[in-house]
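These notes are about the structure you will find just below.
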Amino acid sequence: MKTVQAAITVNIKATNTPSNDIDKGRLMASMKNTGRFIYSLVCYGAGVASLIYFILFVNDLWLPQTVNSIVPSSSLAHVIIINTLALLLFGVQHSVMARPAFKRWFAGFIDPSVERANYVLATALAISGMCYIWIPFGPIVWQIESDMGISLLRGIAFFGWGFLFLATFMINHFELFGLRQTFDPMQGKPVPDATFKMSGFYKIVRHPIQTGVLIGVWAVPLSTASHLVFAAGISAYIFVGLYFEEKDLIKEFGDTYLDYMQRVKRVIPFIY
């Protein structure tokens, strides 16, 4: 009996050894990293879906309601208030969450590896909300009648969206959308630091993603006043947002970025 009791005691002590605690800690860390990666995949899916929704909405394609849809008339005050709020929903979210001060504050509540994924999710919700609550209004401002003209403008618009998509891979598509930040820790690698890259379209313009958006939102064969205001609001945000973004980039990369600004135009090759 004493021998059996001794064996039981030894086994109990063995299960509480430091190595066993280490294994449990590794398992918990692995589960957390896997959970964060799954969460970032969900955010990535939401980001891609919202971008597709935005493209279809602004290019007046296939959706039940787009920026040019005819809807029951609303009072002018109601249209102005709701549509202003729609643009602010995207603009404020996109600007505030991109600022370093907000990132430092937010880092106190989340794991650093999901910071970008949270930004992607918040952007997806803001874009979807902006398009969903937008109230189409006003008469036709321009309309291309010929099939060739319509096809040409559709082609230019899809060139712009393709330009945007390809530009994301010329830096790091999966890092931009927050997947690499959660995938690397799952593989036992540290969260990657931000690096300055200049390849592909980034040798032509400093912000090819925004260039793609500008082409995509303006190259339309039919524009109502609603589309005109929507596209103008998005464009205004892009130029204002880039002003503050580049100030942050100068602080982060210093003379390297200043030299880049001297050599490469912002969004329009050789012009601006």
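Scheme for the structure tokens: letters A, B, ... for chains in order shown; per-chain residue numbers from 1; ligand numbers from 1 in order shown.
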(Q) Please list as a list of chain:residue names every residue within 9 Å of region 121-129 of chain A, counting only C-alpha atoms and excluding residues in the same chain fewer than 4 positions away. (A)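 Near neighbours after the sequence-gap exclusion: A:Ser40, A:Val42, A:Cys43, A:Tyr44, A:Gly45, A:Ala46, A:Gly47, A:Val48, A:Ala49, A:Ser50, A:Leu51, A:Tyr53, A:Phe54, A:Ala86, A:Leu89, A:Phe90, A:Gly91, A:Gln93, A:His94, A:Met97, A:Arg116, A:Ala117, A:Ile133, A:Trp134.
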**Q.** Secondary structure check, strand (DSSP E or B) residues of region 53-252 of chain A, as a PyMOL selection string
**A.** chain A and resi 140-143+205+222-224
Q: Using only C-alpha atoms, determine which residues lie at most 7 Å from region 23-34 of chain A, disregarding the query and same-chain residues fewer than 5 positions distant; provide the list as a PyMOL selection string.
A: chain A and resi 182+185-186
The selected residues should be written to file as an mmCIF file, in the first residue's frame (atoms: all heavy atoms).
```cif
data_model
loop_
_atom_site.group_PDB
_atom_site.id
_atom_site.type_symbol
_atom_site.label_atom_id
_atom_site.label_comp_id
_atom_site.auth_asym_id
_atom_site.auth_seq_id
_atom_site.Cartn_x
_atom_site.Cartn_y
_atom_site.Cartn_z
ATOM 1 N N THR A 182 -0.666 38.560 -37.895
ATOM 2 C CA THR A 182 -1.146 37.463 -37.042
ATOM 3 C C THR A 182 -0.617 36.111 -37.507
ATOM 4 O O THR A 182 -0.531 35.175 -36.705
ATOM 5 C CB THR A 182 -2.687 37.415 -37.032
ATOM 6 O OG1 THR A 182 -3.181 37.287 -38.377
ATOM 7 C CG2 THR A 182 -3.261 38.674 -36.399
ATOM 8 N N PRO A 185 3.314 35.456 -35.962
ATOM 9 C CA PRO A 185 3.393 34.946 -34.586
ATOM 10 C C PRO A 185 2.911 33.500 -34.462
ATOM 11 O O PRO A 185 3.417 32.744 -33.622
ATOM 12 C CB PRO A 185 2.465 35.897 -33.813
ATOM 13 C CG PRO A 185 2.491 37.157 -34.594
ATOM 14 C CD PRO A 185 2.568 36.717 -36.027
ATOM 15 N N MET A 186 1.957 33.097 -35.272
ATOM 16 C CA MET A 186 1.483 31.721 -35.259
ATOM 17 C C MET A 186 2.583 30.751 -35.697
ATOM 18 O O MET A 186 2.610 29.583 -35.314
ATOM 19 C CB MET A 186 0.257 31.595 -36.169
ATOM 20 C CG MET A 186 -0.546 30.328 -35.956
ATOM 21 S SD MET A 186 -2.125 30.355 -36.842
ATOM 22 C CE MET A 186 -1.579 30.481 -38.547
#
```
Contact table region 131-217 of chain A vs region 231-244 of chain A, cut-off 10 Å, shortest pair per residue, only C-alpha atoms, as JSON lines:
```
{"residue": "A:His207", "atom": "CA", "partner": "A:Leu242", "partner_atom": "CA", "distance": 8.5}
{"residue": "A:Gln210", "atom": "CA", "partner": "A:Ile238", "partner_atom": "CA", "distance": 6.9}
{"residue": "A:Thr211", "atom": "CA", "partner": "A:Ile238", "partner_atom": "CA", "distance": 9.4}
{"residue": "A:Val213", "atom": "CA", "partner": "A:Ser235", "partner_atom": "CA", "distance": 8.5}
{"residue": "A:Leu214", "atom": "CA", "partner": "A:Ser235", "partner_atom": "CA", "distance": 6.6}
{"residue": "A:Gly216", "atom": "CA", "partner": "A:Ala231", "partner_atom": "CA", "distance": 9.5}
{"residue": "A:Val217", "atom": "CA", "partner": "A:Ala231", "partner_atom": "CA", "distance": 5.8}
```
Q: May I ask which of the residues A:Asn59, A:Asn20, A:Thr224, A:Thr256 is the closest one to Gln143 (chain A), counting only C-alpha atoms?
A: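 Of A:Asn59, A:Asn20, A:Thr224, A:Thr256, the one nearest Gln143 (chain A) is A:Thr224, counting only C-alpha atoms.
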Q.
Using Å and a single decimal, report how far CA of Glu246 (chain A) sits from CA of Leu179 (chain A).
A.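 We find that CA of Leu179 (chain A) and CA of Glu246 (chain A) lie 24.1 Å from each other.
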Q: Provide the CA of Ser146 (chain A) to CA of Pro72 (chain A) distance in Å, to one decimal place.
A: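 So the answer is 28.9 Å.
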Q) Near Glu175 (chain A), within 10 Å and counting only C-alpha atoms, which residues show up once chain neighbours fewer than 5 positions away are dropped, as a list in words? A) Arg116, Ala117, Thr168, Phe169, Arg180, Gln181, Thr182, Phe183, Pro192 and Ala194 of chain A
Q: Mind the document's chain letters and residue numbers, and return as a PyMOL selection string the residues of region 34-257 of chain A that DSSP labels helix (DSSP H, G or I).
A: chain A and resi 34-58+76-98+100-106+112-133+147-171+173-176+180-186+200-203+208-218+225-253+255-257
Q. So which residues touch region 73-83 of chain A within 9 Å, counting only C-alpha atoms, skipping near sequence neighbours fewer than 5 positions away, as a ChimeraX atom specification?
A. /A:88,130,133-137,230
Would you export the selected residues with C-alpha atoms as a tab-separated table (two decimals), in the first residue's frame, please?
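What ended up in result17.tsv:
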```tsv
chain	number	residue	atom	x	y	z
A	88	LEU	CA	-17.94	61.89	-42.28
A	130	MET	CA	-21.44	55.18	-45.89
A	133	ILE	CA	-27.15	55.26	-45.73
A	134	TRP	CA	-26.31	57.48	-48.72
A	135	ILE	CA	-29.42	59.04	-50.26
A	136	PRO	CA	-29.17	59.35	-54.07
A	137	PHE	CA	-30.46	62.68	-55.35
A	230	PHE	CA	-20.15	61.53	-53.59
```
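Checking A:Pro100, A:Gly35, A:Pro64, A:Pro139 one by one against Leu222 (chain A), counting only C-alpha atoms, you find the shortest gap at A:Pro139.
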Q.
Here is a test: counting only C-alpha atoms, which residue of A:Tyr132, A:Trp142, A:Phe201, A:Tyr257 is nearest to Phe165 (chain A)?
A.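 Under the stated criterion, the closest residue is A:Phe201.
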**Q.** Between CA of Phe174 (chain A) and CA of Asp259 (chain A), distance in Å (one decimal)
**A.**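 Distance between the two atoms: 27.0 Å.
Counting only C-alpha atoms, the residue from A:Ile55, A:Val67, A:Val96, A:Met261 that sits nearest to Gly212 (chain A) is A:Ile55.
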